[in-house]
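For reference, upload01.tsv (TSV, C-alpha atoms):
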```
chain	number	residue	atom	x	y	z
A	1	SER	CA	-150.04	26.31	35.81
A	2	SER	CA	-147.61	28.76	37.45
A	3	GLY	CA	-146.12	25.85	39.39
A	4	TRP	CA	-145.48	23.63	36.38
A	5	PRO	CA	-141.88	22.98	35.34
A	6	GLN	CA	-140.46	24.71	32.29
A	7	GLU	CA	-139.26	21.37	30.93
A	8	MET	CA	-140.71	17.87	31.08
A	9	ALA	CA	-139.19	14.47	30.34
A	10	LEU	CA	-141.78	12.48	28.39
A	11	GLY	CA	-141.55	9.07	26.76
A	12	GLY	CA	-143.62	7.13	24.27
A	13	LEU	CA	-144.80	9.25	21.37
A	14	PHE	CA	-142.78	12.15	22.76
A	15	ASN	CA	-139.43	10.32	22.62
A	16	ALA	CA	-137.65	11.96	19.70
A	17	THR	CA	-134.56	9.74	20.03
A	18	ASN	CA	-136.28	6.36	19.76
A	19	PRO	CA	-135.93	5.05	16.17
A	20	ALA	CA	-138.99	2.83	16.73
A	21	ASN	CA	-141.18	5.89	17.35
A	22	PRO	CA	-142.94	6.73	14.06
A	23	PHE	CA	-143.65	10.25	15.35
A	24	ARG	CA	-140.10	11.08	16.45
A	25	ASP	CA	-139.74	13.77	13.77
A	26	PHE	CA	-143.10	15.40	14.50
A	27	THR	CA	-143.48	18.74	16.21
A	28	VAL	CA	-145.14	17.93	19.54
A	29	VAL	CA	-147.66	20.06	21.43
A	30	TYR	CA	-148.42	18.81	24.95
A	31	VAL	CA	-151.52	20.31	26.58
A	32	LYS	CA	-152.05	19.81	30.30
A	33	TYR	CA	-155.52	18.66	31.38
A	34	CYS	CA	-157.08	21.42	33.46
A	35	THR	CA	-160.80	21.56	32.64
A	36	SER	CA	-162.09	18.40	34.39
A	37	ASP	CA	-164.67	17.79	31.66
A	38	GLY	CA	-163.07	15.34	29.24
A	39	TRP	CA	-162.30	18.28	26.91
A	40	ALA	CA	-166.02	18.48	26.19
A	41	GLY	CA	-167.48	21.07	28.57
A	42	GLN	CA	-169.05	24.34	27.57
A	43	ARG	CA	-170.54	25.95	30.65
A	44	MET	CA	-169.78	29.21	32.47
A	45	ASN	CA	-170.77	30.04	36.03
A	46	THR	CA	-173.00	33.03	35.31
A	47	THR	CA	-176.15	34.13	37.07
A	48	GLY	CA	-177.79	34.63	33.70
A	49	GLY	CA	-177.31	30.93	33.03
A	50	GLY	CA	-178.88	29.95	36.33
A	51	LEU	CA	-175.59	28.59	37.65
A	52	ALA	CA	-174.98	30.86	40.63
A	53	ASP	CA	-175.16	27.86	42.96
A	54	PHE	CA	-172.00	26.28	41.50
A	55	PRO	CA	-169.48	25.96	44.33
A	56	ASN	CA	-166.30	28.00	44.04
A	57	GLY	CA	-167.38	29.51	40.77
A	58	TRP	CA	-166.73	26.41	38.71
A	59	ALA	CA	-166.71	26.66	34.95
A	60	PHE	CA	-166.10	24.01	32.31
A	61	GLN	CA	-164.66	25.18	29.01
A	62	GLY	CA	-162.80	22.18	27.63
A	63	LYS	CA	-164.35	22.52	24.18
A	64	LYS	CA	-163.20	26.13	23.86
A	65	VAL	CA	-159.72	25.19	25.08
A	66	VAL	CA	-159.49	22.74	22.18
A	67	ASP	CA	-160.40	25.54	19.76
A	68	ALA	CA	-157.99	27.97	21.41
A	69	VAL	CA	-155.04	25.57	21.25
A	70	PHE	CA	-155.28	25.25	17.49
A	71	ASP	CA	-156.07	28.93	16.97
A	72	GLN	CA	-152.94	29.84	18.92
A	73	LEU	CA	-150.80	27.32	17.05
A	74	VAL	CA	-151.85	28.89	13.77
A	75	ALA	CA	-151.64	32.52	14.90
A	76	ASP	CA	-148.54	32.41	17.09
A	77	GLN	CA	-146.58	29.30	16.10
A	78	GLY	CA	-147.05	29.33	12.34
A	79	LEU	CA	-148.93	26.06	11.99
A	80	ASP	CA	-149.86	25.57	8.34
A	81	VAL	CA	-152.76	23.15	8.67
A	82	ARG	CA	-153.12	22.38	4.97
A	83	SER	CA	-149.52	21.19	4.61
A	84	SER	CA	-149.40	19.32	7.92
A	85	SER	CA	-149.94	15.74	9.01
A	86	LEU	CA	-151.73	15.96	12.36
A	87	LEU	CA	-152.25	13.33	15.05
A	88	LEU	CA	-154.70	14.19	17.83
A	89	SER	CA	-153.75	11.98	20.77
A	90	GLY	CA	-154.54	11.71	24.46
A	91	CYS	CA	-154.31	9.37	27.43
A	92	SER	CA	-156.98	8.58	30.04
A	93	ALA	CA	-159.16	11.72	30.30
A	94	GLY	CA	-157.20	12.98	27.32
A	95	ALA	CA	-158.29	9.88	25.42
A	96	GLN	CA	-161.88	10.77	26.25
A	97	GLY	CA	-161.21	14.15	24.70
A	98	VAL	CA	-159.86	12.48	21.59
A	99	LEU	CA	-162.94	10.28	21.27
A	100	VAL	CA	-165.42	13.14	21.50
A	101	ASN	CA	-163.34	15.62	19.49
A	102	CYS	CA	-161.75	13.53	16.73
A	103	ASP	CA	-164.21	14.47	14.00
A	104	TYR	CA	-164.83	17.90	15.56
A	105	VAL	CA	-161.19	18.99	15.38
A	106	HIS	CA	-160.89	17.88	11.77
A	107	ASP	CA	-164.05	19.78	10.84
A	108	TYR	CA	-163.03	22.85	12.85
A	109	LEU	CA	-159.60	23.02	11.23
A	110	SER	CA	-161.01	22.38	7.76
A	111	SER	CA	-163.60	25.14	8.02
A	112	SER	CA	-161.24	27.63	9.68
A	113	TYR	CA	-157.88	26.97	8.02
A	114	GLY	CA	-158.30	24.30	5.36
A	115	ALA	CA	-158.22	20.51	5.66
A	116	PRO	CA	-155.02	18.94	7.03
A	117	LEU	CA	-152.78	17.08	4.59
A	118	LYS	CA	-153.23	13.98	6.75
A	119	TYR	CA	-155.20	13.56	9.96
A	120	GLY	CA	-155.78	10.82	12.50
A	121	CYS	CA	-156.58	10.23	16.17
A	122	LEU	CA	-155.09	8.08	18.93
A	123	ALA	CA	-157.09	7.33	22.10
A	124	ASP	CA	-154.93	5.67	24.75
A	125	ALA	CA	-156.59	4.19	27.86
A	126	GLY	CA	-159.99	5.80	27.49
A	127	TRP	CA	-162.30	2.98	26.39
A	128	LEU	CA	-165.11	3.13	28.95
A	129	MET	CA	-167.51	0.22	29.26
A	130	ASP	CA	-171.23	0.47	29.95
A	131	VAL	CA	-171.59	-2.48	32.32
A	132	THR	CA	-173.49	-3.37	35.47
A	133	PRO	CA	-171.20	-3.28	38.57
A	134	VAL	CA	-170.42	-6.31	40.71
A	135	ASN	CA	-173.13	-5.06	43.05
A	136	PRO	CA	-175.98	-3.89	40.78
A	137	GLN	CA	-177.16	-1.54	43.53
A	138	ASN	CA	-173.98	0.54	43.24
A	139	GLN	CA	-173.70	3.52	40.94
A	140	HIS	CA	-173.08	2.60	37.32
A	141	LEU	CA	-170.27	4.32	35.44
A	142	SER	CA	-172.86	5.45	32.90
A	143	GLN	CA	-174.75	7.26	35.69
A	144	ASN	CA	-171.55	8.97	36.77
A	145	VAL	CA	-170.77	10.10	33.21
A	146	ALA	CA	-174.37	11.24	32.65
A	147	ALA	CA	-174.18	13.41	35.78
A	148	GLY	CA	-170.87	14.85	34.58
A	149	GLN	CA	-172.25	15.56	31.14
A	150	ALA	CA	-175.13	17.50	32.66
A	151	LEU	CA	-172.77	19.44	34.94
A	152	TRP	CA	-170.31	20.33	32.16
A	153	ASN	CA	-172.89	20.85	29.42
A	154	GLY	CA	-170.73	18.40	27.50
A	155	GLN	CA	-170.51	18.94	23.75
A	156	PHE	CA	-170.03	15.55	22.21
A	157	ASP	CA	-169.51	14.32	18.67
A	158	ALA	CA	-172.24	16.02	16.64
A	159	SER	CA	-173.49	12.96	14.76
A	160	CYS	CA	-173.58	10.92	17.97
A	161	SER	CA	-175.39	13.65	19.92
A	162	GLN	CA	-178.03	13.89	17.20
A	163	ALA	CA	-178.67	10.15	17.41
A	164	TYR	CA	-179.60	10.19	21.10
A	165	ASN	CA	-182.02	12.26	23.13
A	166	ALA	CA	-180.80	14.55	25.89
A	167	THR	CA	-181.01	11.88	28.60
A	168	SER	CA	-178.98	9.37	26.57
A	169	GLN	CA	-176.20	11.54	25.16
A	170	TRP	CA	-173.82	10.21	27.82
A	171	ARG	CA	-173.41	7.28	25.42
A	172	CYS	CA	-171.30	9.55	23.23
A	173	PHE	CA	-168.57	9.38	25.88
A	174	PHE	CA	-168.33	5.58	25.53
A	175	GLY	CA	-166.25	4.21	22.68
A	176	GLU	CA	-168.49	1.20	22.20
A	177	TYR	CA	-171.35	3.49	21.15
A	178	LEU	CA	-169.36	6.34	19.60
A	179	VAL	CA	-166.42	5.03	17.59
A	180	ARG	CA	-168.07	2.09	15.90
A	181	GLN	CA	-171.00	4.12	14.60
A	182	PHE	CA	-170.18	7.81	14.37
A	183	VAL	CA	-166.46	8.64	14.13
A	184	SER	CA	-165.50	9.07	10.48
A	185	GLN	CA	-161.83	10.04	10.83
A	186	PRO	CA	-159.09	7.39	11.27
A	187	MET	CA	-158.98	6.32	14.91
A	188	PHE	CA	-156.43	4.10	16.65
A	189	VAL	CA	-157.53	2.79	20.06
A	190	HIS	CA	-155.16	1.45	22.70
A	191	ALA	CA	-156.74	0.12	25.88
A	192	ALA	CA	-156.07	-2.44	28.60
A	193	GLN	CA	-158.77	-5.03	29.20
A	194	TYR	CA	-157.73	-5.01	32.88
A	195	ASP	CA	-158.51	-1.31	33.22
A	196	LEU	CA	-157.40	-0.32	36.72
A	197	PHE	CA	-159.75	2.66	36.74
A	198	GLN	CA	-162.89	0.82	35.69
A	199	LEU	CA	-162.35	-2.35	37.74
A	200	PRO	CA	-162.37	-0.74	41.21
A	201	PHE	CA	-165.11	1.67	40.13
A	202	ASN	CA	-167.27	-1.34	39.34
A	203	GLY	CA	-166.52	-3.10	42.61
A	204	VAL	CA	-163.46	-5.26	41.93
A	205	SER	CA	-161.66	-4.68	45.23
A	206	SER	CA	-158.34	-6.34	44.37
A	207	PHE	CA	-156.49	-7.47	41.28
A	208	PRO	CA	-156.43	-10.25	40.53
A	209	PRO	CA	-159.70	-10.75	42.42
A	210	THR	CA	-160.07	-13.54	44.95
A	211	ASP	CA	-163.79	-13.16	45.56
A	212	PRO	CA	-165.76	-15.64	43.38
A	213	GLN	CA	-168.41	-13.05	42.47
A	214	GLN	CA	-165.76	-10.58	41.42
A	215	LYS	CA	-163.92	-13.25	39.42
A	216	ALA	CA	-167.08	-14.09	37.51
A	217	TRP	CA	-167.79	-10.41	36.90
A	218	LEU	CA	-164.26	-9.85	35.58
A	219	THR	CA	-164.56	-12.77	33.16
A	220	SER	CA	-167.76	-11.26	31.76
A	221	PHE	CA	-166.20	-7.77	31.64
A	222	ILE	CA	-163.23	-8.97	29.62
A	223	SER	CA	-165.49	-10.81	27.18
A	224	ASN	CA	-167.64	-7.71	26.68
A	225	PHE	CA	-164.55	-5.51	26.41
A	226	ARG	CA	-163.07	-7.62	23.62
A	227	SER	CA	-166.40	-7.74	21.84
A	228	THR	CA	-166.88	-3.96	21.80
A	229	ILE	CA	-163.36	-3.18	20.62
A	230	SER	CA	-162.74	-6.07	18.23
A	231	ASP	CA	-164.67	-4.66	15.29
A	232	VAL	CA	-163.28	-1.12	15.50
A	233	SER	CA	-161.75	-0.57	12.08
A	234	PRO	CA	-157.94	-0.08	12.18
```
Structure rendered as C-alpha coordinates:
Amino acid sequence: SSGWPQEMALGGLFNATNPANPFRDFTVVYVKYCTSDGWAGQRMNTTGGGLADFPNGWAFQGKKVVDAVFDQLVADQGLDVRSSSLLLSGCSAGAQGVLVNCDYVHDYLSSSYGAPLKYGCLADAGWLMDVTPVNPQNQHLSQNVAAGQALWNGQFDASCSQAYNATSQWRCFFGEYLVRQFVSQPMFVHAAQYDLFQLPFNGVSSFPPTDPQQKAWLTSFISNFRSTISDVSP
(Lines of atoms letter the chains of each structure in order from A and count residues from 1; the text may use other names and numbers.)
(Lines give C-alpha, C1' and ligand atoms only; values in the text may rest on other atoms or scores of the structure.)
Protein backbone atom coordinates (compact mmCIF):
# COMPACT_ATOMS: atom_id res chain seq x y z
CA SER A 1 0.00 0.00 0.00
CA SER A 2 3.01 2.33 0.32
CA GLY A 3 2.92 2.84 -3.44
CA TRP A 4 -0.75 3.81 -3.64
CA PRO A 5 -1.61 7.41 -4.53
CA GLN A 6 -2.84 9.77 -1.84
CA GLU A 7 -5.83 10.71 -4.00
CA MET A 8 -7.97 8.73 -6.42
CA ALA A 9 -10.47 9.82 -9.06
CA LEU A 10 -13.46 7.48 -8.81
CA GLY A 11 -16.80 7.55 -10.60
CA GLY A 12 -20.13 5.84 -10.16
CA LEU A 13 -21.25 5.74 -6.53
CA PHE A 14 -18.20 7.81 -5.61
CA ASN A 15 -19.11 10.75 -7.86
CA ALA A 16 -20.25 13.42 -5.41
CA THR A 17 -21.04 15.95 -8.16
CA ASN A 18 -23.47 13.83 -10.18
CA PRO A 19 -27.06 14.80 -9.26
CA ALA A 20 -28.25 11.39 -10.48
CA ASN A 21 -26.12 9.62 -7.86
CA PRO A 22 -28.37 8.85 -4.87
CA PHE A 23 -25.29 8.43 -2.67
CA ARG A 24 -23.58 11.70 -3.60
CA ASP A 25 -24.04 13.11 -0.08
CA PHE A 26 -22.79 9.97 1.68
CA THR A 27 -19.44 9.74 3.42
CA VAL A 28 -17.47 7.23 1.36
CA VAL A 29 -14.92 4.70 2.62
CA TYR A 30 -12.97 2.94 -0.14
CA VAL A 31 -11.07 -0.18 0.95
CA LYS A 32 -8.48 -1.65 -1.41
CA TYR A 33 -8.66 -5.41 -1.98
CA CYS A 34 -5.49 -6.96 -0.59
CA THR A 35 -6.41 -10.31 0.99
CA SER A 36 -7.07 -12.46 -2.12
CA ASP A 37 -9.83 -14.39 -0.35
CA GLY A 38 -13.08 -12.67 -1.32
CA TRP A 39 -13.06 -10.91 2.07
CA ALA A 40 -13.86 -14.28 3.65
CA GLY A 41 -10.55 -15.82 4.71
CA GLN A 42 -9.50 -16.57 8.25
CA ARG A 43 -6.24 -18.47 8.16
CA MET A 44 -2.76 -17.66 9.46
CA ASN A 45 0.47 -19.33 8.36
CA THR A 46 1.50 -20.82 11.70
CA THR A 47 3.26 -24.08 12.41
CA GLY A 48 0.74 -24.76 15.15
CA GLY A 49 -1.99 -24.73 12.51
CA GLY A 50 -0.12 -27.18 10.31
CA LEU A 51 0.41 -24.56 7.61
CA ALA A 52 4.19 -24.31 7.53
CA ASP A 53 4.20 -25.52 3.92
CA PHE A 54 2.39 -22.40 2.67
CA PRO A 55 4.67 -20.70 0.13
CA ASN A 56 5.98 -17.26 1.04
CA GLY A 57 4.21 -17.28 4.36
CA TRP A 58 0.76 -16.66 2.93
CA ALA A 59 -2.05 -15.71 5.25
CA PHE A 60 -5.68 -14.92 4.51
CA GLN A 61 -7.44 -12.57 6.90
CA GLY A 62 -10.18 -10.94 4.85
CA LYS A 63 -12.84 -11.56 7.48
CA LYS A 64 -10.79 -9.81 10.16
CA VAL A 65 -10.07 -6.91 7.80
CA VAL A 66 -13.83 -6.39 7.47
CA ASP A 67 -14.13 -6.24 11.27
CA ALA A 68 -11.12 -3.94 11.58
CA VAL A 69 -12.42 -1.45 9.01
CA PHE A 70 -15.61 -0.84 10.95
CA ASP A 71 -13.86 -0.89 14.32
CA GLN A 72 -11.48 1.79 13.09
CA LEU A 73 -14.28 3.88 11.60
CA VAL A 74 -16.01 3.90 14.97
CA ALA A 75 -12.90 4.41 17.10
CA ASP A 76 -10.94 6.85 14.94
CA GLN A 77 -13.42 8.47 12.55
CA GLY A 78 -16.42 8.92 14.82
CA LEU A 79 -18.86 6.68 12.98
CA ASP A 80 -22.13 6.58 14.92
CA VAL A 81 -23.60 3.33 13.62
CA ARG A 82 -27.03 3.75 15.21
CA SER A 83 -27.69 7.08 13.52
CA SER A 84 -26.20 6.12 10.16
CA SER A 85 -27.56 4.78 6.90
CA LEU A 86 -24.96 2.30 5.66
CA LEU A 87 -24.47 0.74 2.22
CA LEU A 88 -21.99 -2.13 1.98
CA SER A 89 -20.92 -2.26 -1.66
CA GLY A 90 -18.24 -3.94 -3.75
CA CYS A 91 -17.30 -4.80 -7.31
CA SER A 92 -15.96 -8.10 -8.69
CA ALA A 93 -14.06 -9.75 -5.80
CA GLY A 94 -15.46 -6.97 -3.66
CA ALA A 95 -18.95 -8.06 -4.70
CA GLN A 96 -18.09 -11.55 -3.51
CA GLY A 97 -17.20 -10.00 -0.19
CA VAL A 98 -20.55 -8.24 -0.09
CA LEU A 99 -22.42 -11.46 -0.79
CA VAL A 100 -20.74 -13.44 1.97
CA ASN A 101 -20.63 -10.58 4.48
CA CYS A 102 -23.93 -8.73 3.98
CA ASP A 103 -25.74 -10.29 6.93
CA TYR A 104 -22.50 -10.71 8.88
CA VAL A 105 -21.63 -7.00 8.86
CA HIS A 106 -25.13 -6.03 9.95
CA ASP A 107 -25.01 -8.54 12.81
CA TYR A 108 -21.46 -7.55 13.79
CA LEU A 109 -22.31 -3.85 13.92
CA SER A 110 -25.58 -4.48 15.76
CA SER A 111 -23.94 -6.59 18.46
CA SER A 112 -20.89 -4.32 18.82
CA TYR A 113 -22.29 -0.81 18.35
CA GLY A 114 -26.05 -1.00 17.89
CA ALA A 115 -28.10 -1.61 14.74
CA PRO A 116 -27.67 0.88 11.88
CA LEU A 117 -30.51 3.31 11.21
CA LYS A 118 -30.73 1.88 7.69
CA TYR A 119 -28.63 -0.83 6.07
CA GLY A 120 -28.34 -2.43 2.66
CA CYS A 121 -25.88 -4.16 0.34
CA LEU A 122 -24.86 -3.74 -3.30
CA ALA A 123 -23.01 -6.52 -5.14
CA ASP A 124 -21.71 -5.34 -8.51
CA ALA A 125 -20.31 -7.91 -10.98
CA GLY A 126 -19.95 -10.82 -8.60
CA TRP A 127 -22.75 -13.22 -9.55
CA LEU A 128 -20.90 -16.50 -10.13
CA MET A 129 -22.65 -19.34 -11.93
CA ASP A 130 -22.30 -23.02 -11.11
CA VAL A 131 -22.26 -24.40 -14.66
CA THR A 132 -20.49 -27.11 -16.63
CA PRO A 133 -17.77 -25.63 -18.93
CA VAL A 134 -17.84 -25.87 -22.70
CA ASN A 135 -15.49 -28.83 -22.32
CA PRO A 136 -16.85 -30.83 -19.36
CA GLN A 137 -13.36 -32.24 -18.77
CA ASN A 138 -12.03 -28.80 -17.85
CA GLN A 139 -12.01 -27.51 -14.30
CA HIS A 140 -15.37 -26.21 -13.13
CA LEU A 141 -15.54 -22.80 -11.48
CA SER A 142 -17.11 -24.49 -8.46
CA GLN A 143 -13.99 -26.68 -8.12
CA ASN A 144 -11.79 -23.59 -8.26
CA VAL A 145 -13.85 -21.83 -5.58
CA ALA A 146 -13.94 -24.95 -3.40
CA ALA A 147 -10.14 -25.17 -3.54
CA GLY A 148 -9.90 -21.49 -2.63
CA GLN A 149 -12.32 -21.88 0.24
CA ALA A 150 -10.21 -24.70 1.66
CA LEU A 151 -7.02 -22.66 1.26
CA TRP A 152 -8.43 -19.51 2.86
CA ASN A 153 -10.53 -21.25 5.51
CA GLY A 154 -13.32 -19.11 4.11
CA GLN A 155 -15.93 -17.93 6.59
CA PHE A 156 -19.17 -17.63 4.69
CA ASP A 157 -22.66 -16.49 5.59
CA ALA A 158 -23.48 -18.37 8.80
CA SER A 159 -26.95 -19.60 7.82
CA CYS A 160 -25.65 -20.77 4.44
CA SER A 161 -22.63 -22.54 5.95
CA GLN A 162 -24.89 -24.39 8.39
CA ALA A 163 -27.04 -25.64 5.52
CA TYR A 164 -24.19 -27.40 3.72
CA ASN A 165 -21.57 -29.87 4.84
CA ALA A 166 -17.88 -28.99 4.73
CA THR A 167 -17.39 -30.26 1.17
CA SER A 168 -20.31 -28.23 -0.18
CA GLN A 169 -19.85 -24.89 1.56
CA TRP A 170 -18.33 -23.45 -1.62
CA ARG A 171 -21.96 -22.96 -2.66
CA CYS A 172 -22.11 -20.06 -0.22
CA PHE A 173 -19.87 -18.10 -2.59
CA PHE A 174 -22.42 -18.38 -5.41
CA GLY A 175 -25.30 -15.93 -5.43
CA GLU A 176 -27.72 -18.44 -6.91
CA TYR A 177 -27.43 -20.57 -3.75
CA LEU A 178 -26.74 -17.84 -1.20
CA VAL A 179 -28.84 -14.75 -1.87
CA ARG A 180 -32.12 -16.41 -2.76
CA GLN A 181 -32.19 -18.58 0.36
CA PHE A 182 -30.06 -17.15 3.13
CA VAL A 183 -29.39 -13.40 2.92
CA SER A 184 -31.92 -11.55 5.06
CA GLN A 185 -30.71 -7.95 4.63
CA PRO A 186 -31.71 -5.85 1.57
CA MET A 187 -29.47 -6.78 -1.35
CA PHE A 188 -29.20 -5.10 -4.75
CA VAL A 189 -27.41 -7.18 -7.40
CA HIS A 190 -25.91 -5.75 -10.58
CA ALA A 191 -24.36 -8.23 -12.99
CA ALA A 192 -23.70 -8.64 -16.71
CA GLN A 193 -25.05 -11.78 -18.34
CA TYR A 194 -22.03 -11.65 -20.68
CA ASP A 195 -19.59 -11.89 -17.78
CA LEU A 196 -16.13 -11.50 -19.29
CA PHE A 197 -14.53 -13.29 -16.35
CA GLN A 198 -16.77 -16.34 -16.34
CA LEU A 199 -17.02 -16.81 -20.12
CA PRO A 200 -13.31 -17.40 -20.82
CA PHE A 201 -12.95 -19.38 -17.59
CA ASN A 202 -15.61 -21.74 -18.90
CA GLY A 203 -14.03 -22.08 -22.33
CA VAL A 204 -15.58 -19.33 -24.46
CA SER A 205 -12.45 -18.29 -26.35
CA SER A 206 -13.83 -15.18 -28.05
CA PHE A 207 -16.77 -12.85 -27.69
CA PRO A 208 -19.04 -13.05 -29.45
CA PRO A 209 -18.16 -16.71 -30.03
CA THR A 210 -17.90 -18.11 -33.53
CA ASP A 211 -17.54 -21.76 -32.58
CA PRO A 212 -20.94 -23.53 -32.74
CA GLN A 213 -20.35 -25.44 -29.50
CA GLN A 214 -19.42 -22.25 -27.69
CA LYS A 215 -22.45 -20.44 -29.14
CA ALA A 216 -24.76 -23.16 -27.85
CA TRP A 217 -23.08 -23.10 -24.46
CA LEU A 218 -23.45 -19.32 -24.22
CA THR A 219 -27.17 -19.50 -25.05
CA SER A 220 -27.65 -21.99 -22.22
CA PHE A 221 -25.48 -19.92 -19.85
CA ILE A 222 -27.53 -16.77 -20.44
CA SER A 223 -30.78 -18.66 -19.88
CA ASN A 224 -29.50 -20.10 -16.61
CA PHE A 225 -28.09 -16.73 -15.57
CA ARG A 226 -31.43 -14.99 -16.04
CA SER A 227 -33.23 -17.78 -14.22
CA THR A 228 -31.01 -17.62 -11.13
CA ILE A 229 -31.13 -13.85 -10.81
CA SER A 230 -34.72 -13.15 -11.88
CA ASP A 231 -36.37 -14.07 -8.58
CA VAL A 232 -33.93 -12.23 -6.32
CA SER A 233 -36.15 -9.86 -4.36
CA PRO A 234 -35.41 -6.16 -5.08
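Close contacts of A:Phe225, defined as residues with an atom at most 9 Å away when counting all atoms listed in the file, with chain neighbours fewer than 3 positions off set aside, comprise Trp127, Met129, Glu176, Gln193, Ser220, Phe221, Ile222, Thr228, Ile229 and Ser230 of chain A.
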Inset, instruction - Choose the residue, out of A:Tyr113, A:Val100, A:Trp152, A:Ala146, that has the smallest atom-to-atom separation from A:Phe182; count all atoms listed in the file. - result: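 Of all the options, A:Val100 lies closest to A:Phe182.
Shell of A:Asp37 at 8 Å, with all atoms listed in the file counted and residues fewer than 2 places along the chain excluded, is Thr35, Trp39, Ala40, Gly41, Phe60, Gln61, Gly62, Gly148, Gln149, Trp152 and Gly154 of chain A.
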Inset, instruction - May I ask which of the residues A:Asp80, A:Asp195, A:Asp157, A:Asp25 is the closest one to A:Asp124, counting all atoms listed in the file? - result: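 Under the stated criterion, the closest residue is A:Asp195.
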Report, as lines of an AutoDock Vina configuration file, the centre and edge lengths in Å (one decimal) of the axis-aligned box enclosing every listed atom of stretch 135-143 of chain A, padded by 6 Å on each side.
```
center_x = -173.7
center_y = 1.1
center_z = 38.2
size_x = 18.9
size_y = 24.3
size_z = 22.6
```
Inset, instruction - In Å, rounded to a single decimal, give me how far atom CA of A:Cys102 is from atom CA of A:Ala125. - result: 15.4 Å
Inset, instruction - Please indicate the distance in Å from atom CA of A:Ser223 to atom CA of A:Gln185, rounded to one decimal place. - result: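 According to the coordinates, atom CA of A:Ser223 and atom CA of A:Gln185 are separated by 26.7 Å.
The closest residue to A:Gln77, picked from A:Cys121, A:Ala158, A:Val28, A:Val134 and counting all atoms listed in the file, is A:Val28.
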Within 9 Å of (-145.3, 10.3, 20.8) in the file's own coordinates, which protein, DNA or RNA residues have an atom, counting all atoms listed in the file? List them as a PDB file with C-alpha atoms, in the frame of the given file.
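What landed in out.pdb:
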```
ATOM      1  CA  LEU A  10    -141.780  12.480  28.390  1.00  0.00           C
ATOM      2  CA  GLY A  11    -141.550   9.070  26.760  1.00  0.00           C
ATOM      3  CA  GLY A  12    -143.620   7.130  24.270  1.00  0.00           C
ATOM      4  CA  LEU A  13    -144.800   9.250  21.370  1.00  0.00           C
ATOM      5  CA  PHE A  14    -142.780  12.150  22.760  1.00  0.00           C
ATOM      6  CA  ASN A  15    -139.430  10.320  22.620  1.00  0.00           C
ATOM      7  CA  ALA A  16    -137.650  11.960  19.700  1.00  0.00           C
ATOM      8  CA  ASN A  21    -141.180   5.890  17.350  1.00  0.00           C
ATOM      9  CA  PRO A  22    -142.940   6.730  14.060  1.00  0.00           C
ATOM     10  CA  PHE A  23    -143.650  10.250  15.350  1.00  0.00           C
ATOM     11  CA  ARG A  24    -140.100  11.080  16.450  1.00  0.00           C
ATOM     12  CA  PHE A  26    -143.100  15.400  14.500  1.00  0.00           C
ATOM     13  CA  VAL A  28    -145.140  17.930  19.540  1.00  0.00           C
ATOM     14  CA  SER A  89    -153.750  11.980  20.770  1.00  0.00           C
TER      15      SER A  89
END
```
Legend entry - Contact residues around A:Gly120 with all atoms listed in the file at 12 Å, ignoring same-chain residues under 6 positions, as number ranges by chain: A: 84-89, 98-99, 101-106, 183-189, 234
Inset, instruction - With all atoms listed in the file counted, which protein, DNA or RNA residues have an atom no more than 12 Å from (-163.5, -10.6, 35.3) in the file frame? Please answer as a PyMOL selection string. - result: chain A and resi 131+133-134+193-195+198-200+202-225
Inset, instruction - Could you tell me which of A:Val145, A:Val179, A:Ala192, A:Val29 comes closest to A:Ser159 if we count all atoms listed in the file? - result: A:Val179
Inset, instruction - Using atom CA of A:Phe201 and atom CA of A:Leu141 as the two end points, give the distance in Å to one decimal. - result: 7.5 Å
Legend entry - Nearest residue to A:Asn153 from the set A:Gln42, A:Asp231, A:Ser2, A:Arg82 (distances using all atoms listed in the file):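 Nearest to A:Asn153: A:Gln42.
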Place N, CA, C and O atoms on stretch 89-103 of chain A and deliver the coordinates as a short mmCIF file (atom, residue, chain, number, x, y, z; two decimals), keeping the file's coordinate frame.
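Wrote out14.cif, looks like this:
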```
data_model
loop_
_atom_site.label_atom_id
_atom_site.label_comp_id
_atom_site.auth_asym_id
_atom_site.auth_seq_id
_atom_site.Cartn_x
_atom_site.Cartn_y
_atom_site.Cartn_z
N SER A 89 -153.90 13.12 19.86
CA SER A 89 -153.75 11.98 20.77
C SER A 89 -154.00 12.42 22.20
O SER A 89 -153.91 13.59 22.55
N GLY A 90 -154.32 11.44 23.05
CA GLY A 90 -154.54 11.71 24.46
C GLY A 90 -154.59 10.42 25.25
O GLY A 90 -154.87 9.35 24.69
N CYS A 91 -154.33 10.53 26.55
CA CYS A 91 -154.31 9.37 27.43
C CYS A 91 -155.28 9.58 28.59
O CYS A 91 -155.36 10.69 29.14
N SER A 92 -156.03 8.55 28.93
CA SER A 92 -156.98 8.58 30.04
C SER A 92 -158.05 9.63 29.75
O SER A 92 -158.77 9.52 28.77
N ALA A 93 -158.18 10.68 30.59
CA ALA A 93 -159.16 11.72 30.30
C ALA A 93 -158.86 12.39 28.97
O ALA A 93 -159.77 12.82 28.25
N GLY A 94 -157.56 12.46 28.63
CA GLY A 94 -157.20 12.98 27.32
C GLY A 94 -157.71 12.11 26.19
O GLY A 94 -158.09 12.60 25.12
N ALA A 95 -157.74 10.79 26.42
CA ALA A 95 -158.29 9.88 25.42
C ALA A 95 -159.79 10.11 25.25
O ALA A 95 -160.32 9.99 24.14
N GLN A 96 -160.47 10.43 26.36
CA GLN A 96 -161.88 10.77 26.25
C GLN A 96 -162.06 12.00 25.36
O GLN A 96 -162.97 12.08 24.53
N GLY A 97 -161.16 12.97 25.55
CA GLY A 97 -161.21 14.15 24.70
C GLY A 97 -160.98 13.84 23.24
O GLY A 97 -161.60 14.44 22.36
N VAL A 98 -160.10 12.89 22.98
CA VAL A 98 -159.86 12.48 21.59
C VAL A 98 -161.11 11.84 21.00
O VAL A 98 -161.51 12.13 19.87
N LEU A 99 -161.75 10.97 21.76
CA LEU A 99 -162.94 10.28 21.27
C LEU A 99 -164.03 11.27 20.88
O LEU A 99 -164.63 11.16 19.81
N VAL A 100 -164.30 12.24 21.76
CA VAL A 100 -165.42 13.14 21.50
C VAL A 100 -165.06 14.27 20.55
O VAL A 100 -165.95 14.94 20.02
N ASN A 101 -163.76 14.49 20.32
CA ASN A 101 -163.34 15.62 19.49
C ASN A 101 -162.64 15.24 18.19
O ASN A 101 -162.23 16.13 17.44
N CYS A 102 -162.50 13.94 17.92
CA CYS A 102 -161.75 13.53 16.73
C CYS A 102 -162.33 14.15 15.46
O CYS A 102 -161.63 14.85 14.72
N ASP A 103 -163.58 13.89 15.19
CA ASP A 103 -164.21 14.47 14.00
C ASP A 103 -164.33 15.98 14.12
O ASP A 103 -164.17 16.72 13.14
#
```
